[in-house]
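Some notes on the structure that comes next.
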Amino acid sequence: MKVLISTDIEGVAGVYHPEQVRPGNPEFERARLLMTQEANAAIAGAFDAGATEVLVNDSHGGFRNMPPDVLDARARAVQGKPRYLSMVAGVEEGVDAVCMVGYHSRGQGRGILAHTINSFAFASISLNGQELGEAGLYGALAGEYGAPVVMGSGDDVFIAENRPLFPHATFVETKKATGFGSGVSLSPEQSRRAIRAGVAEALAARAGATPLVFKGPQTVTLRAQSPSLADLFCQWPAFERVDGVTLRFTTETVEAAVRMLNCCSAMSSMLR
């Protein structure tokens, strides 16, 4: 059994504030260790369930947050960017299941530190009329490679948004959101214990899991955070301008859509 664990930071227990998720802030150094410890709990849960190989994908920001020497040595680390498959890089190796640890709700959602891919660039992203966050986008990308999402952890808003997409999955609530920058969290120890048990439970039941597959061409509707960003993105001839901040484009696959969105995210750095 080969397992991919994709680990973000905003859904980690004890994380509430932007300074905790941005390198260069003293609080980030502590938060990245909390992130790594939750990843280690998921790795342990995977091996508890009989995994023979585990990949752990560093899925936040610059994708090099978790100190490799602190990660469970039994797992292989997927780190650094750019990479085509971004938050689910490693799925192309042929994995049996994907676990999403430390995830958050989508842009314009009411969860802690809610955003989709890039909070500076994107207000919302929809595929064929369905608004999605990172879990939905990357869950569908993993689905194109035949891998189901079997487990997710994060706040209660993240879970409520994504349970309909992954009805077979095991979810672990690490905290309750009371605002963008506030909530009520489990202790890190409690969260790690719950994540380890949740991953083991999810993998034991993986036979009932099915990949999330969005068939046919994907019409992507992107709402930029400002008209100036929409101006920039529309330099790409494939994009149709709908209004001041809304763009539309069509791709044959979710992978192509995600790669184009990540290119836009990188382009947005020109206006920072």
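Residue numbering restarts at 1 in every chain; chains get A, B, ... in the order shown in the structure tokens, and ligands count up from 1 in that same order.
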
Proximity of stretch 103-203 of chain A to stretch 39-50 of chain A: per-residue shortest pair, 12 Å limit, only C-alpha atoms, as CSV:
```
residue,atom,partner,partner_atom,distance
A:Tyr103,CA,A:Ala39,CA,11.7
A:Val150,CA,A:Ala46,CA,11.4
A:Met151,CA,A:Ala42,CA,9.8
A:Gly152,CA,A:Ala42,CA,10.2
A:Ser153,CA,A:Ala42,CA,10.0
A:Val172,CA,A:Ala42,CA,11.2
A:Pro188,CA,A:Ala41,CA,10.7
A:Glu189,CA,A:Ala41,CA,9.8
A:Gln190,CA,A:Ala41,CA,10.8
A:Ser191,CA,A:Ala41,CA,8.9
A:Arg192,CA,A:Ala41,CA,5.4
A:Arg193,CA,A:Ala41,CA,7.0
A:Ala194,CA,A:Ala41,CA,8.6
A:Ile195,CA,A:Ala42,CA,5.9
A:Arg196,CA,A:Gly45,CA,4.3
A:Ala197,CA,A:Gly45,CA,6.1
A:Gly198,CA,A:Gly45,CA,7.4
A:Val199,CA,A:Gly45,CA,5.2
A:Ala200,CA,A:Gly45,CA,4.7
A:Glu201,CA,A:Ala49,CA,7.6
A:Ala202,CA,A:Ala49,CA,8.8
A:Leu203,CA,A:Ala49,CA,6.3
```

Close residues, stretch 221-232 of chain A itself excluded, 8 Å, only C-alpha atoms, min 4 positions apart in chain, as a ChimeraX atom specification: /A:120-129,241,244-249,267-268,271

Which of stretch 49-226 of chain A fall in strand (DSSP E), as a ChimeraX atom specification: /A:53-58,76-78,97-103,122-127,130-131,149-155,170-179,182-185,218-224

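Near stretch 140-147 of chain A, within a cut-off of 7 Å and counting only C-alpha atoms, sit the residues A:Val88, A:Val91, A:Glu92, A:Val95, A:Asp96, A:Ala97, A:Val98, A:Pro211, A:Leu212, A:Val213, A:Phe214, A:Val254, A:Glu255, with same-chain residues fewer than 5 positions away left out.
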
Contact residues around A:Pro18 with only C-alpha atoms at 10 Å, ignoring same-chain residues under 2 positions, as a PyMOL selection string: chain A and resi 10+15-16+20-23+25+27-28+112-113+180-181

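The gap separating atom CA of A:Lys215 from atom CA of A:Thr253 is 8.1 Å, in Å to one decimal.
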
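Residue neighbourhood of A:Asn262, excluding near-sequence residues (fewer than 6 positions): Pro82, Arg83, Tyr84, Leu85, Ser86, Ile117, Asn118, Ala256 and Ser268 of chain A, at 10 Å, using only C-alpha atoms.
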